[in-house]
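Okay, start-v4.txt is below, compact mmCIF, C-alpha atoms:
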```txt
# COMPACT_ATOMS: atom_id res chain seq x y z
CA MET C 1 5.53 161.67 27.10
CA ASP C 2 7.31 158.75 25.42
CA SER C 3 6.72 156.64 28.54
CA LEU C 4 3.01 157.39 28.46
CA ILE C 5 2.89 156.42 24.79
CA CYS C 6 4.59 153.09 25.63
CA LEU C 7 2.06 152.50 28.42
CA CYS C 8 -0.91 153.27 26.19
CA SER C 9 0.47 150.97 23.50
CA PHE C 10 0.81 148.16 26.05
CA ILE C 11 -2.78 148.57 27.20
CA ILE C 12 -4.17 148.67 23.65
CA LEU C 13 -2.14 145.71 22.39
CA PHE C 14 -2.41 143.32 25.32
CA ILE C 15 -5.17 144.24 27.76
CA PHE C 16 -8.12 145.40 25.64
CA PRO C 17 -7.98 142.31 23.35
CA SER C 18 -8.07 140.08 26.44
CA LEU C 19 -11.12 141.85 27.81
CA SER C 20 -12.95 141.88 24.47
CA LEU C 21 -12.34 138.13 24.02
CA ILE C 22 -14.80 137.53 26.85
CA GLU C 23 -17.62 138.98 24.75
CA ALA C 24 -16.43 137.23 21.57
CA GLN C 25 -16.80 133.79 23.13
CA ALA C 26 -20.56 134.09 23.50
CA SER C 27 -21.70 132.24 20.34
CA LEU C 28 -19.09 129.61 19.55
CA CYS C 29 -21.39 126.58 19.33
CA ARG C 30 -21.84 125.86 15.63
CA SER C 31 -25.18 124.23 14.77
CA SER C 32 -24.07 122.44 11.60
CA CYS C 33 -21.12 121.07 9.66
CA GLY C 34 -21.81 121.32 5.96
CA ASP C 35 -25.42 120.13 5.58
CA ILE C 36 -25.36 117.94 8.73
CA PRO C 37 -27.08 119.52 11.77
CA ILE C 38 -25.15 119.42 15.05
CA ASN C 39 -27.55 119.23 17.99
CA TYR C 40 -27.36 118.07 21.61
CA PRO C 41 -25.74 115.81 22.78
CA PHE C 42 -23.02 116.55 20.21
CA GLY C 43 -20.79 119.55 19.76
CA ILE C 44 -17.99 120.36 17.35
CA ASP C 45 -16.68 123.21 19.52
CA ASP C 46 -15.20 122.46 22.92
CA GLY C 47 -17.63 123.14 25.77
CA CYS C 48 -20.71 122.53 23.59
CA GLY C 49 -23.07 119.57 23.93
CA ASN C 50 -22.60 116.81 26.48
CA PRO C 51 -19.13 116.02 27.87
CA TYR C 52 -19.72 112.31 27.16
CA TYR C 53 -19.26 113.13 23.46
CA ARG C 54 -16.41 115.60 23.81
CA HIS C 55 -13.92 115.57 20.90
CA MET C 56 -15.77 112.73 19.13
CA LEU C 57 -16.85 114.81 16.13
CA ALA C 58 -14.51 116.96 14.07
CA CYS C 59 -15.58 119.44 11.39
CA SER C 60 -12.97 120.48 8.83
CA GLU C 61 -13.09 123.75 6.92
CA PRO C 62 -14.86 122.45 3.76
CA GLY C 63 -17.73 121.22 5.97
CA LYS C 64 -16.51 117.63 6.25
CA LEU C 65 -17.75 115.95 9.42
CA GLU C 66 -15.76 113.03 10.85
CA LEU C 67 -16.22 110.63 13.75
CA ARG C 68 -13.13 109.97 15.87
CA THR C 69 -12.66 106.41 17.14
CA PRO C 70 -9.65 104.41 18.40
CA SER C 71 -9.25 102.93 14.89
CA GLY C 72 -9.23 106.28 13.04
CA ARG C 73 -11.37 109.11 11.69
CA TYR C 74 -14.37 108.27 9.53
CA PRO C 75 -16.55 110.49 7.30
CA VAL C 76 -20.08 110.97 8.65
CA ARG C 77 -22.86 110.59 6.11
CA SER C 78 -25.70 111.69 8.37
CA ILE C 79 -26.91 111.99 11.98
CA SER C 80 -30.44 111.11 13.09
CA TYR C 81 -31.67 112.56 16.39
CA PHE C 82 -35.20 111.09 16.19
CA ASP C 83 -33.85 107.53 15.94
CA PRO C 84 -30.46 108.29 17.52
CA HIS C 85 -27.68 107.03 15.26
CA ILE C 86 -24.75 108.14 13.14
CA LEU C 87 -24.04 106.73 9.68
CA VAL C 88 -20.34 106.60 8.89
CA ILE C 89 -18.30 105.45 5.91
CA ASP C 90 -15.17 103.35 6.36
CA PRO C 91 -12.97 104.02 3.29
CA PHE C 92 -10.89 100.92 4.10
CA MET C 93 -13.81 98.52 3.73
CA TRP C 94 -14.55 96.65 0.53
CA ASN C 95 -16.82 98.41 -1.96
CA CYS C 96 -18.32 97.61 -5.34
CA ARG C 97 -15.44 99.19 -7.23
CA ASP C 98 -12.99 96.76 -5.64
CA GLY C 99 -14.59 93.64 -7.14
CA ASP C 100 -12.14 90.75 -6.61
CA ASN C 101 -9.33 93.16 -5.71
CA PHE C 102 -9.24 92.92 -1.91
CA ARG C 103 -7.30 95.82 -0.39
CA PRO C 104 -5.64 95.68 3.04
CA VAL C 105 -8.20 96.62 5.69
CA ARG C 106 -8.23 97.58 9.33
CA PRO C 107 -11.07 96.71 11.70
CA PHE C 108 -13.48 99.47 12.67
CA SER C 109 -13.72 99.84 16.45
CA LEU C 110 -15.39 102.00 19.08
CA ASP C 111 -14.23 102.95 22.55
CA THR C 112 -16.26 100.75 24.91
CA GLY C 113 -16.07 103.47 27.55
CA THR C 114 -18.24 105.83 25.50
CA HIS C 115 -21.99 106.07 24.90
CA LEU C 116 -21.57 104.85 21.31
CA SER C 117 -22.32 101.29 20.18
CA LEU C 118 -22.43 99.33 16.94
CA SER C 119 -26.03 98.98 15.85
CA PRO C 120 -27.62 95.53 15.48
CA GLU C 121 -28.94 96.91 12.17
CA ASN C 122 -25.47 96.31 10.68
CA ASP C 123 -24.66 93.18 8.69
CA TYR C 124 -21.01 92.27 8.14
CA LEU C 125 -19.90 90.42 5.03
CA PHE C 126 -16.54 88.62 4.91
CA PHE C 127 -14.81 87.56 1.71
CA ASN C 128 -12.53 84.64 0.83
CA CYS C 129 -12.27 83.31 4.38
CA SER C 130 -10.03 80.33 5.14
CA LYS C 131 -12.26 77.32 5.80
CA ASP C 132 -9.49 75.84 7.92
CA HIS C 133 -10.00 78.59 10.51
CA VAL C 134 -13.53 79.92 9.91
CA ILE C 135 -16.74 77.89 9.91
CA VAL C 136 -18.28 78.90 6.57
CA GLU C 137 -21.65 77.19 6.23
CA PRO C 138 -25.24 78.05 5.30
CA LYS C 139 -26.74 78.83 8.71
CA PRO C 140 -30.22 77.34 8.61
CA ILE C 141 -28.91 73.89 7.75
CA PHE C 142 -25.74 74.12 9.85
CA CYS C 143 -27.58 75.39 12.94
CA GLN C 144 -30.01 72.48 12.81
CA ARG C 145 -27.15 70.00 12.72
CA PHE C 146 -24.80 71.81 15.14
CA PRO C 147 -26.84 74.17 17.30
CA GLU C 148 -23.99 74.63 19.79
CA GLN C 149 -21.77 76.11 17.03
CA CYS C 150 -24.44 78.17 15.31
CA GLY C 151 -23.36 81.49 16.85
CA SER C 152 -19.75 81.09 15.72
CA SER C 153 -20.42 80.21 12.09
CA CYS C 154 -20.23 82.57 9.11
CA ASP C 155 -23.39 82.23 7.02
CA SER C 156 -22.57 81.45 3.38
CA GLY C 157 -26.28 81.39 2.56
CA SER C 158 -26.76 85.05 3.52
CA TYR C 159 -29.28 87.02 1.46
CA LEU C 160 -26.81 89.91 1.17
CA CYS C 161 -24.05 87.67 -0.17
CA LYS C 162 -26.35 86.64 -3.00
CA HIS C 163 -27.72 90.18 -3.51
CA LEU C 164 -24.86 92.59 -2.91
CA PRO C 165 -26.31 96.12 -2.80
CA GLU C 166 -25.68 98.05 -6.03
CA CYS C 167 -23.41 95.36 -7.52
CA ALA C 168 -24.84 91.83 -7.26
CA THR C 169 -22.14 90.21 -9.45
CA ALA C 170 -19.10 92.24 -8.35
CA LEU C 171 -17.41 89.37 -6.49
CA GLY C 172 -17.10 87.02 -9.43
CA GLY C 173 -15.91 83.68 -8.05
CA SER C 174 -14.90 84.94 -4.58
CA SER C 175 -16.65 83.49 -1.54
CA CYS C 176 -18.84 85.51 0.82
CA CYS C 177 -20.38 84.88 4.23
CA SER C 178 -22.21 86.94 6.84
CA TYR C 179 -21.19 87.15 10.49
CA TYR C 180 -21.96 89.60 13.30
CA PRO C 181 -18.87 90.09 15.53
CA LYS C 182 -19.80 90.15 19.19
CA ALA C 183 -16.69 92.16 20.07
CA ALA C 184 -13.82 94.01 18.42
CA GLU C 185 -11.55 91.02 19.07
CA SER C 186 -13.91 88.77 17.09
CA LEU C 187 -13.68 91.16 14.15
CA ARG C 188 -9.88 91.19 14.30
CA LEU C 189 -9.77 87.38 14.32
CA MET C 190 -12.10 87.18 11.34
CA LEU C 191 -9.94 89.58 9.34
CA LYS C 192 -6.90 87.50 10.20
CA TYR C 193 -8.37 84.64 8.17
CA CYS C 194 -10.49 86.55 5.61
CA ALA C 195 -9.31 88.66 2.67
CA SER C 196 -11.60 91.62 3.39
CA TYR C 197 -14.98 92.67 4.76
CA THR C 198 -17.68 95.29 4.46
CA SER C 199 -20.62 96.55 6.50
CA VAL C 200 -24.19 96.96 5.27
CA TYR C 201 -26.89 98.69 7.27
CA TRP C 202 -30.62 98.62 6.66
CA THR C 203 -32.25 101.98 6.12
CA THR C 204 -35.99 102.68 6.07
CA VAL C 205 -37.43 104.38 3.01
CA GLY C 206 -40.95 105.47 2.02
CA ALA C 207 -43.96 103.23 2.46
CA THR C 208 -44.97 100.86 -0.32
CA ALA C 209 -48.29 99.23 -1.16
CA GLY C 210 -49.26 96.80 1.58
CA SER C 211 -46.35 97.77 3.82
CA PRO C 212 -45.97 100.77 6.15
CA TYR C 213 -42.25 101.00 5.33
CA ASN C 214 -39.56 99.44 3.19
CA GLN C 215 -35.98 98.64 4.23
CA VAL C 216 -33.12 98.95 1.79
CA PRO C 217 -29.49 97.85 2.39
CA GLU C 218 -26.72 100.41 1.96
CA TYR C 219 -22.98 100.29 2.54
CA GLY C 220 -21.75 101.94 5.72
CA ILE C 221 -21.72 101.54 9.48
CA ARG C 222 -24.57 102.54 11.73
CA VAL C 223 -23.40 103.71 15.18
CA ASP C 224 -26.09 104.14 17.83
CA PHE C 225 -25.80 106.74 20.59
CA ASP C 226 -27.59 107.65 23.81
CA VAL C 227 -29.06 111.09 24.47
CA PRO C 228 -28.41 111.96 28.12
CA VAL C 229 -31.49 113.91 29.23
CA THR C 230 -31.29 116.10 32.34
CA THR C 231 -33.77 118.54 33.82
CA ARG C 232 -31.25 121.37 33.67
CA CYS C 233 -30.61 120.82 29.96
CA LEU C 234 -34.35 120.71 29.21
CA GLN C 235 -34.83 123.97 31.12
CA CYS C 236 -31.84 125.54 29.38
CA GLN C 237 -33.22 124.74 25.91
CA ASP C 238 -36.81 125.72 26.75
CA PRO C 239 -37.76 128.84 24.68
CA SER C 240 -39.78 130.21 27.60
CA MET C 241 -36.67 130.05 29.78
CA GLY C 242 -34.34 131.72 27.32
CA ALA C 243 -33.59 129.10 24.64
CA GLY C 244 -30.01 128.52 25.71
CA THR C 245 -27.56 125.88 24.48
CA CYS C 246 -26.53 122.96 26.68
CA GLY C 247 -22.80 122.85 27.30
CA PHE C 248 -20.21 122.21 29.99
CA ASP C 249 -17.21 123.68 31.74
CA THR C 250 -14.12 122.53 29.83
CA LYS C 251 -12.10 122.24 33.05
CA THR C 252 -14.55 120.47 35.35
CA GLY C 253 -17.08 118.92 32.93
CA ASN C 254 -19.94 120.42 34.96
CA PHE C 255 -23.14 121.48 33.20
CA LEU C 256 -23.46 125.02 31.84
CA CYS C 257 -26.30 126.72 30.01
CA LEU C 258 -24.76 128.82 27.25
CA CYS C 259 -26.57 132.11 26.74
CA LYS C 260 -25.99 135.28 24.72
CA LYS C 261 -24.93 137.15 27.85
CA GLY C 262 -22.68 134.39 29.13
CA ASN C 263 -22.80 131.05 30.93
CA VAL C 264 -25.02 130.04 33.84
CA THR C 265 -25.64 126.84 35.75
CA SER C 266 -29.44 127.15 35.49
CA TYR C 267 -31.18 128.80 32.50
CA CYS C 268 -30.88 132.06 30.59
CA LYS C 269 -33.94 133.81 32.04
CA ASP C 270 -33.19 132.90 35.64
CA HIS C 271 -33.82 136.20 37.49
CA ASP C 272 -31.72 135.09 40.45
CA ILE C 273 -28.49 135.26 38.46
CA SER C 274 -26.29 138.28 37.93
CA TRP C 275 -24.68 139.14 34.61
CA HIS C 276 -22.07 141.50 36.06
CA SER C 277 -19.34 138.99 35.21
CA THR C 278 -19.92 137.92 31.62
CA ALA C 279 -18.47 134.57 30.59
CA GLY C 280 -18.20 132.97 27.21
CA VAL C 281 -19.01 129.52 25.86
CA ILE C 282 -15.87 127.91 27.17
CA ALA C 283 -15.71 128.77 30.84
CA GLY C 284 -12.17 127.62 31.47
CA THR C 285 -10.80 129.74 28.63
CA VAL C 286 -12.80 132.81 29.57
CA THR C 287 -11.76 132.58 33.22
CA ALA C 288 -8.15 132.44 32.18
CA VAL C 289 -8.62 135.40 29.85
CA SER C 290 -10.38 137.40 32.57
CA ALA C 291 -7.53 136.68 34.95
CA ALA C 292 -5.03 137.74 32.30
CA GLY C 293 -6.91 141.00 31.83
CA ALA C 294 -6.90 141.68 35.58
CA ILE C 295 -3.18 140.99 35.79
CA GLY C 296 -2.60 143.23 32.80
CA ILE C 297 -4.44 146.12 34.47
CA GLY C 298 -2.38 145.65 37.62
CA VAL C 299 0.83 145.70 35.60
CA SER C 300 -0.34 148.86 33.83
CA ILE C 301 -0.98 150.67 37.12
CA TRP C 302 2.44 149.61 38.38
CA LEU C 303 4.07 150.87 35.18
CA LEU C 304 2.25 154.18 35.38
CA LYS C 305 3.53 154.77 38.92
CA LYS C 306 7.03 153.73 37.90
CA VAL C 307 7.34 155.95 34.84
CA ARG C 308 6.13 158.92 36.85
CA ALA C 309 8.83 158.34 39.48
CA LYS C 310 11.65 157.68 37.02
CA ALA C 311 13.14 159.58 34.16
CA PRO C 312 11.30 158.86 30.88
CA VAL C 313 12.71 156.19 28.54
CA THR C 314 12.30 155.81 24.81
CA CYS C 315 9.52 153.44 23.68
CA GLY C 316 10.96 150.15 22.40
CA VAL C 317 14.32 150.58 24.15
CA GLN C 318 14.71 148.02 26.91
CA SER C 319 16.76 148.83 29.99
CA ASN C 320 16.80 147.71 33.61
CA GLU C 321 14.30 150.46 34.37
CA ASN C 322 11.50 149.36 32.02
CA ARG C 323 12.15 145.60 31.77
CA LEU C 324 9.04 143.55 32.51
CA PHE C 325 10.62 140.08 32.63
```

Kindly present the structure from the file in structure tokens form.
Amino acid sequence: MDSLICLCSFIILFIFPSLSLIEAQASLCRSSCGDIPINYPFGIDDGCGNPYYRHMLACSEPGKLELRTPSGRYPVRSISYFDPHILVIDPFMWNCRDGDNFRPVRPFSLDTGTHLSLSPENDYLFFNCSKDHVIVEPKPIFCQRFPEQCGSSCDSGSYLCKHLPECATALGGSSCCSYYPKAAESLRLMLKYCASYTSVYWTTVGATAGSPYNQVPEYGIRVDFDVPVTTRCLQCQDPSMGAGTCGFDTKTGNFLCLCKKGNVTSYCKDHDISWHSTAGVIAGTVTAVSAAGAIGIGVSIWLLKKVRAKAPVTCGVQSNENRLF
């Protein structure tokens, strides 16, 4: 009797949880982080969204969304899916509160192997640059005189330098110029000879009289992204085909349509598929769990035969007769 109690305890503690985990995986794709919606192509849970953007966004418990890049993790202010871009805040950049106190900075960078890119809507302002190493000149005049060097000059006549958003007089007597780095290396070189920098992006606000829209500068970095569109993903998301969620196999990266019943490679209402083997959101994990459950059942059967053939042992007492490993 004691042996049967041990066997039942083993099944309850180790096998049933493994089997039930398969069902529990079915709705892991969170659709928001705080008040920021998380839609395709992004995902904050592994196996959700497009594999091109895997592990790029992280959502902490208080609902704080961050973008991961080679230079660090940056708070996300918002995500636009209509005009695909992410607005991030770099806490190391200069801000109005700093004034003439220039803190040590590190250059913001993106992995060039991803589908993310710095938006041309960004303007970069550099402060107290060494004129021995950086060409600091008002661009219209300088470009007329030296057109071949126009692209490498930092514009001291920039509108933003004269009208800093939210704090026009914060710099005091410090110098300012505007330059758009063509690569991460250009940004690093600029910071080698400048005290600090900041990024300003132009955001569109409501229409005004005589103009269909109005653009206002704000501090932050706009990062543009591509939305990979595939026929299978469109079918997966189509309400008439089951309104699934686009995802991928975490082991192979292959497309999966995530449905309430499990994962499929087509769409949720595909009548040619069979649901006899239910999978969860993360196929690799569920497969491993399913395998573990099968192994556990096999071990249980083996134990049952063994305890019937041998003299019973006390539950919790390990001997050579009931040792599993």

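In this comparison, which uses only C-alpha atoms, the residue of C:Cys33, C:Leu110, C:Cys150, C:Val105 approaching Pro70 (chain C) most closely is C:Leu110.
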
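Separating CA of Ser174 (chain C) from CA of Glu218 (chain C) is a distance of 20.5 Å.
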
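Nearest residue to Arg73 (chain C) among C:Cys48, C:Met241, C:Ala58, C:Val227 is C:Ala58, counting only C-alpha atoms.
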
List the neighbours of region 191-200 of chain C out to 8 Å using all atoms listed in the file; skip same-chain residues closer than 2 positions along the sequence, and give me the result as a CSV table (one decimal) with C-alpha atoms, keeping the file's coordinate frame.
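out.csv was written with the following content:
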```csv
chain,number,residue,atom,x,y,z
C,93,MET,CA,-13.8,98.5,3.7
C,94,TRP,CA,-14.6,96.6,0.5
C,95,ASN,CA,-16.8,98.4,-2.0
C,102,PHE,CA,-9.2,92.9,-1.9
C,103,ARG,CA,-7.3,95.8,-0.4
C,104,PRO,CA,-5.6,95.7,3.0
C,105,VAL,CA,-8.2,96.6,5.7
C,107,PRO,CA,-11.1,96.7,11.7
C,122,ASN,CA,-25.5,96.3,10.7
C,123,ASP,CA,-24.7,93.2,8.7
C,124,TYR,CA,-21.0,92.3,8.1
C,125,LEU,CA,-19.9,90.4,5.0
C,126,PHE,CA,-16.5,88.6,4.9
C,127,PHE,CA,-14.8,87.6,1.7
C,128,ASN,CA,-12.5,84.6,0.8
C,129,CYS,CA,-12.3,83.3,4.4
C,130,SER,CA,-10.0,80.3,5.1
C,133,HIS,CA,-10.0,78.6,10.5
C,134,VAL,CA,-13.5,79.9,9.9
C,187,LEU,CA,-13.7,91.2,14.2
C,188,ARG,CA,-9.9,91.2,14.3
C,189,LEU,CA,-9.8,87.4,14.3
C,202,TRP,CA,-30.6,98.6,6.7
C,217,PRO,CA,-29.5,97.8,2.4
C,218,GLU,CA,-26.7,100.4,2.0
C,219,TYR,CA,-23.0,100.3,2.5
C,220,GLY,CA,-21.8,101.9,5.7
C,221,ILE,CA,-21.7,101.5,9.5
```

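In this model, the gap between CA of Asp270 (chain C) and CA of Asn50 (chain C) comes to 21.3 Å.
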
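With distances taken over all atoms listed in the file, C:Val88 is the one residue among C:Leu258, C:Val216, C:Met190, C:Val88 lying closest to Val76 (chain C).
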
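Among C:Tyr40, C:Leu28, C:Ser158, C:Leu164, the residue with the shortest atom-to-atom distance to Gln237 (chain C), counting all atoms listed in the file, is C:Tyr40.
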
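Between CA of Asp98 (chain C) and CA of Ile36 (chain C) there is a distance of 28.4 Å.
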
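Between Lys162 (chain C) and the candidates C:Ile79, C:Val136, C:Leu65, C:Cys176, the tightest atom-to-atom separation, counting only C-alpha atoms, involves C:Cys176.
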
Counting only C-alpha atoms, what is within 12 Å of Leu67 (chain C), bar same-chain residues fewer than 4 positions away, as a ChimeraX atom specification?
-> /C:42-44,53-60,71-79,86-90,108-111,116,221-223

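The shortest atom-to-atom distance to Tyr179 (chain C), with all atoms listed in the file taken into account, belongs to C:Pro138 out of C:Pro138, C:Asp35, C:Phe255, C:Thr204.
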